[in-house]
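Raw query04.pdb, PDB, C-alpha atoms, pLDDT in the B column:
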```pdb
ATOM      1  CA  MET R   1       8.499  -9.780  30.453  1.00 82.00           C
ATOM      2  CA  ASP R   2       4.992 -10.184  31.779  1.00 83.00           C
ATOM      3  CA  ILE R   3       2.939  -7.001  31.981  1.00 85.00           C
ATOM      4  CA  THR R   4      -0.668  -6.574  33.033  1.00 88.00           C
ATOM      5  CA  VAL R   5      -2.722  -4.346  30.771  1.00 86.00           C
ATOM      6  CA  TYR R   6      -6.212  -3.090  31.611  1.00 89.00           C
ATOM      7  CA  LEU R   7      -8.899  -2.945  28.922  1.00 89.00           C
ATOM      8  CA  PRO R   8     -12.425  -1.726  29.558  1.00 93.00           C
ATOM      9  CA  ASP R   9     -14.881  -4.641  29.582  1.00 92.00           C
ATOM     10  CA  GLU R  10     -16.496  -3.748  26.265  1.00 94.00           C
ATOM     11  CA  LEU R  11     -13.161  -3.480  24.473  1.00 91.00           C
ATOM     12  CA  GLY R  12     -11.767  -6.634  26.072  1.00 88.00           C
ATOM     13  CA  LEU R  13     -14.865  -8.643  25.142  1.00 92.00           C
ATOM     14  CA  TRP R  14     -14.716  -7.383  21.570  1.00 94.00           C
ATOM     15  CA  ALA R  15     -11.013  -8.254  21.271  1.00 89.00           C
ATOM     16  CA  LYS R  16     -11.635 -11.727  22.641  1.00 90.00           C
ATOM     17  CA  SER R  17     -14.599 -12.373  20.320  1.00 94.00           C
ATOM     18  CA  ALA R  18     -12.600 -11.077  17.328  1.00 94.00           C
ATOM     19  CA  ASP R  19      -9.648 -13.346  18.204  1.00 94.00           C
ATOM     20  CA  VAL R  20      -7.292 -10.379  18.486  1.00 91.00           C
ATOM     21  CA  ASN R  21      -3.821 -11.458  19.606  1.00 92.00           C
ATOM     22  CA  LEU R  22      -3.406  -8.774  22.258  1.00 90.00           C
ATOM     23  CA  SER R  23       0.213  -9.690  23.034  1.00 89.00           C
ATOM     24  CA  ARG R  24       1.188  -9.310  19.387  1.00 90.00           C
ATOM     25  CA  THR R  25      -0.860  -6.129  18.969  1.00 90.00           C
ATOM     26  CA  LEU R  26       0.754  -4.492  21.989  1.00 90.00           C
ATOM     27  CA  ARG R  27       4.245  -5.660  20.974  1.00 90.00           C
ATOM     28  CA  ASP R  28       3.800  -4.229  17.467  1.00 89.00           C
ATOM     29  CA  ALA R  29       2.530  -0.915  18.846  1.00 89.00           C
ATOM     30  CA  VAL R  30       5.393  -0.590  21.324  1.00 91.00           C
ATOM     31  CA  GLU R  31       7.945  -1.488  18.627  1.00 91.00           C
ATOM     32  CA  ALA R  32       6.504   1.222  16.359  1.00 88.00           C
ATOM     33  CA  LEU R  33       6.725   3.762  19.190  1.00 90.00           C
ATOM     34  CA  LYS R  34      10.344   2.748  19.815  1.00 93.00           C
ATOM     35  CA  VAL R  35      11.237   3.198  16.135  1.00 91.00           C
ATOM     36  CA  ARG R  36       9.662   6.668  16.075  1.00 90.00           C
ATOM     37  CA  ALA R  37      11.489   7.620  19.279  1.00 92.00           C
ATOM     38  CA  GLU R  38      14.783   6.431  17.762  1.00 92.00           C
ATOM     39  CA  THR R  39      14.034   8.374  14.567  1.00 91.00           C
ATOM     40  CA  LEU R  40      13.498  11.523  16.632  1.00 92.00           C
ATOM     41  CA  SER R  41      16.518  10.967  18.880  1.00 93.00           C
ATOM     42  CA  GLU R  42      18.512  13.453  16.798  1.00 89.00           C
ATOM     43  CA  ALA R  43      15.653  15.835  16.027  1.00 95.00           C
ATOM     44  CA  ALA R  44      16.711  19.378  15.297  1.00 97.00           C
ATOM     45  CA  GLU R  45      15.170  22.669  14.286  1.00 97.00           C
ATOM     46  CA  ILE R  46      14.408  22.635  10.573  1.00 97.00           C
ATOM     47  CA  ARG R  47      13.695  25.766   8.542  1.00 97.00           C
ATOM     48  CA  LEU R  48      12.253  25.568   5.059  1.00 96.00           C
ATOM     49  CA  GLN R  49      11.782  28.362   2.552  1.00 95.00           C
ATOM     50  CA  LEU R  50       8.091  28.323   1.596  1.00 96.00           C
ATOM     51  CA  ILE R  51       5.588  30.362  -0.391  1.00 95.00           C
ATOM     52  CA  ASP R  52       2.035  30.969   0.798  1.00 92.00           C
ATOM     53  CA  GLY R  53      -1.112  30.933  -1.348  1.00 88.00           C
ATOM     54  CA  ASP R  54      -0.618  34.613  -2.201  1.00 93.00           C
ATOM     55  CA  GLY R  55       2.949  34.105  -3.434  1.00 92.00           C
ATOM     56  CA  ARG R  56       4.632  35.552  -0.330  1.00 95.00           C
ATOM     57  CA  LYS R  57       7.857  33.915   0.829  1.00 96.00           C
ATOM     58  CA  PHE R  58       8.354  32.864   4.442  1.00 96.00           C
ATOM     59  CA  ALA R  59      10.437  30.467   6.517  1.00 96.00           C
ATOM     60  CA  GLY R  60       8.580  27.511   7.979  1.00 96.00           C
ATOM     61  CA  ARG R  61      10.094  26.174  11.202  1.00 97.00           C
ATOM     62  CA  PHE R  62       9.590  22.947  13.147  1.00 97.00           C
ATOM     63  CA  THR R  63      11.593  20.453  15.167  1.00 97.00           C
ATOM     64  CA  GLY R  64      11.985  17.071  13.535  1.00 97.00           C
ATOM     65  CA  THR R  65      14.002  14.631  11.463  1.00 96.00           C
ATOM     66  CA  LEU R  66      14.310  14.081   7.725  1.00 96.00           C
ATOM     67  CA  ILE R  67      13.020  10.549   7.032  1.00 96.00           C
ATOM     68  CA  ALA R  68      13.269  10.357   3.222  1.00 95.00           C
ATOM     69  CA  GLU R  69      13.853  12.382   0.081  1.00 94.00           C
ATOM     70  CA  GLY R  70      12.483  12.065  -3.402  1.00 90.00           C
ATOM     71  CA  ARG R  71      13.183  13.881  -6.636  1.00 89.00           C
ATOM     72  CA  ASP R  72      10.733  16.707  -5.884  1.00 92.00           C
ATOM     73  CA  SER R  73      10.072  16.393  -2.157  1.00 94.00           C
ATOM     74  CA  ALA R  74      11.321  15.476   1.302  1.00 96.00           C
ATOM     75  CA  ALA R  75       9.447  13.856   4.187  1.00 96.00           C
ATOM     76  CA  TYR R  76       9.948  14.739   7.854  1.00 97.00           C
ATOM     77  CA  LEU R  77       8.769  13.361  11.190  1.00 96.00           C
ATOM     78  CA  THR R  78       8.129  16.193  13.642  1.00 96.00           C
ATOM     79  CA  ASP R  79       8.677  16.020  17.377  1.00 95.00           C
ATOM     80  CA  ASP R  80       4.898  16.221  17.855  1.00 95.00           C
ATOM     81  CA  ASP R  81       4.452  13.093  15.677  1.00 92.00           C
ATOM     82  CA  ARG R  82       3.246  14.722  12.480  1.00 96.00           C
ATOM     83  CA  VAL R  83       4.534  13.706   9.056  1.00 96.00           C
ATOM     84  CA  LEU R  84       5.239  16.656   6.770  1.00 97.00           C
ATOM     85  CA  VAL R  85       6.183  16.636   3.105  1.00 97.00           C
ATOM     86  CA  HIS R  86       8.083  19.584   1.643  1.00 97.00           C
ATOM     87  CA  ASP R  87       7.132  19.955  -2.023  1.00 95.00           C
ATOM     88  CA  TRP R  88      10.248  21.529  -3.523  1.00 93.00           C
ATOM     89  CA  LYS R  89       8.595  22.437  -6.838  1.00 91.00           C
ATOM     90  CA  ASN R  90       5.928  24.571  -5.174  1.00 92.00           C
ATOM     91  CA  ASP R  91       7.848  25.534  -2.020  1.00 94.00           C
ATOM     92  CA  SER R  92       4.913  24.268   0.014  1.00 95.00           C
ATOM     93  CA  ILE R  93       4.419  21.967   2.980  1.00 95.00           C
ATOM     94  CA  ILE R  94       1.757  19.270   3.254  1.00 94.00           C
ATOM     95  CA  GLU R  95       0.769  17.497   6.458  1.00 96.00           C
ATOM     96  CA  ILE R  96       0.229  13.792   5.806  1.00 93.00           C
ATOM     97  CA  GLU R  97      -2.688  12.139   7.595  1.00 93.00           C
ATOM     98  CA  ASP R  98      -2.123   8.518   6.469  1.00 93.00           C
ATOM     99  CA  ALA R  99       1.638   8.101   6.055  1.00 91.00           C
ATOM    100  CA  GLU R 100       1.501   4.501   4.866  1.00 88.00           C
ATOM    101  CA  GLU R 101      -0.805   5.470   2.005  1.00 89.00           C
ATOM    102  CA  GLU R 102       0.036   9.084   1.151  1.00 92.00           C
ATOM    103  CA  LEU R 103       3.838   8.903   1.196  1.00 93.00           C
ATOM    104  CA  ARG R 104       3.644   6.633  -1.864  1.00 91.00           C
ATOM    105  CA  GLU R 105       2.329   9.625  -3.808  1.00 90.00           C
ATOM    106  CA  TRP R 106       5.277  11.845  -2.809  1.00 92.00           C
ATOM    107  CA  LEU R 107       8.283   9.554  -2.743  1.00 94.00           C
ATOM    108  CA  PRO R 108       9.896   7.036  -5.075  1.00 92.00           C
ATOM    109  CA  GLN R 109       9.595   3.422  -3.932  1.00 93.00           C
ATOM    110  CA  ASP R 110      12.948   3.332  -2.103  1.00 93.00           C
ATOM    111  CA  GLY R 111      12.157   6.622  -0.323  1.00 94.00           C
ATOM    112  CA  TYR R 112       8.708   5.339   0.605  1.00 94.00           C
ATOM    113  CA  ILE R 113      10.222   2.176   2.099  1.00 95.00           C
ATOM    114  CA  GLU R 114      12.824   4.244   3.982  1.00 94.00           C
ATOM    115  CA  ALA R 115      10.175   6.622   5.357  1.00 95.00           C
ATOM    116  CA  CYS R 116       7.921   3.765   6.497  1.00 94.00           C
ATOM    117  CA  ALA R 117      10.876   2.106   8.262  1.00 93.00           C
ATOM    118  CA  SER R 118      11.588   5.389  10.086  1.00 93.00           C
ATOM    119  CA  LEU R 119       7.954   5.541  11.206  1.00 93.00           C
ATOM    120  CA  GLY R 120       7.711   1.919  12.335  1.00 91.00           C
ATOM    121  CA  LEU R 121       5.247   1.123   9.535  1.00 91.00           C
ATOM    122  CA  GLU R 122       5.228  -1.770   7.134  1.00 91.00           C
ATOM    123  CA  PRO R 123       5.399  -0.396   3.587  1.00 92.00           C
ATOM    124  CA  VAL R 124       2.835  -1.750   1.171  1.00 90.00           C
ATOM    125  CA  ILE R 125       3.903  -1.943  -2.471  1.00 89.00           C
ATOM    126  CA  ASP R 126       1.355  -2.660  -5.190  1.00 87.00           C
ATOM    127  CA  LEU R 127       2.696  -5.339  -7.514  1.00 88.00           C
TER     128      LEU R 127
END
```
Using structure tokens, write down the structure that the file contains.
Amino acid sequence: MDITVYLPDELGLWAKSADVNLSRTLRDAVEALKVRAETLSEAAEIRLQLIDGDGRKFAGRFTGTLIAEGRDSAAYLTDDDRVLVHDWKNDSIIEIEDAEEELREWLPQDGYIEACASLGLEPVIDL
């Protein structure tokens, strides 16, 4: 399908001079958005038992989908496109800024690969 996309002059000139394959870049971005939308197609309310910094228990609530589990944690994609990790050992929640990088710290390799697939990201494994 042919689609016309507008880029501001400065951005278009930069992309052209940097030899950016705009068709491929757009296709990859749209595919990643589609994967995330599919991941969230069955999003539901999730409640987690958490403990705050002062040791008080509370229920954390969000709408999202479980994308992977590890031995000590679980990763979720929220309906507002955040990635959260529930640390079971500490009953805490961490918001991930760079999923491709940070999920490796929280999940075993197979969980990391599964989470990246659910987010439309290519997992990177150090060999």
Residues in the PyMOL selection byres ((chain R and resi 65) around 8), expressed as an NGL selection string: :R and (39-40 or 42-44 or 63-64 or 66-67 or 76-78)
Atomic distance CA of Val20 in chain R - CA of Leu7 in chain R, expressed in Å with one decimal: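 Taking CA of Val20 in chain R and CA of Leu7 in chain R, their separation equals 12.9 Å.
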Residue among R:Asp19, R:Asp91, R:Glu105, R:Asp2 lying closest to Gly53 in chain R, counting all atoms listed in the file: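 Ranked by minimum distance to Gly53 in chain R, first place goes to R:Asp91.
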Matched chain/residue IDs from the PyMOL selection byres ((chain R and resi 121) around 12), as a ChimeraX atom specification: /R:28-36,98-101,103,112-120,122-124
Residue members of the PyMOL selection byres ((chain R and resi 51) around 12) in the file shown, as a list in words: Leu48, Gln49, Leu50, Asp52, Gly53, Asp54, Gly55, Arg56, Lys57, Phe58, Ala59, Gly60, His86, Asp87, Trp88, Lys89, Asn90, Asp91, Ser92 and Ile93 of chain R
Coordinates-based distance that separates CA of Pro108 in chain R from CA of Val83 in chain R (Å, one decimal):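 Interatomic distance here is 16.5 Å.
Atom pair CA of Thr4 in chain R / CA of Ser23 in chain R has a distance of 10.5 Å (rounded to one decimal).
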Nearest candidate to Leu107 in chain R (options R:Ala37, R:Leu26, R:Leu13, R:Ala74; using all atoms listed in the file):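 Once distances to Leu107 in chain R are computed over all atoms listed in the file, the minimum belongs to R:Ala74.
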Selected residue of minimal separation from Arg71 in chain R among R:Ile125, R:Ile3, R:Trp106, R:Glu10, counting all atoms listed in the file: R:Trp106
Can you sort out the box for range 116-124 of chain R, edges along x, y and z, all listed atoms in, 5 Å on every side, with centre and edge lengths in Å to one decimal, as AutoDock Vina command-line options?
```
--center_x 7.2 --center_y 1.9 --center_z 6.8 --size_x 18.8 --size_y 17.3 --size_z 21.2
```
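Nearest residue to Asp110 in chain R, choosing from R:Met1, R:Leu22, R:Ile46, R:Ala68 and counting all atoms listed in the file: R:Ala68.
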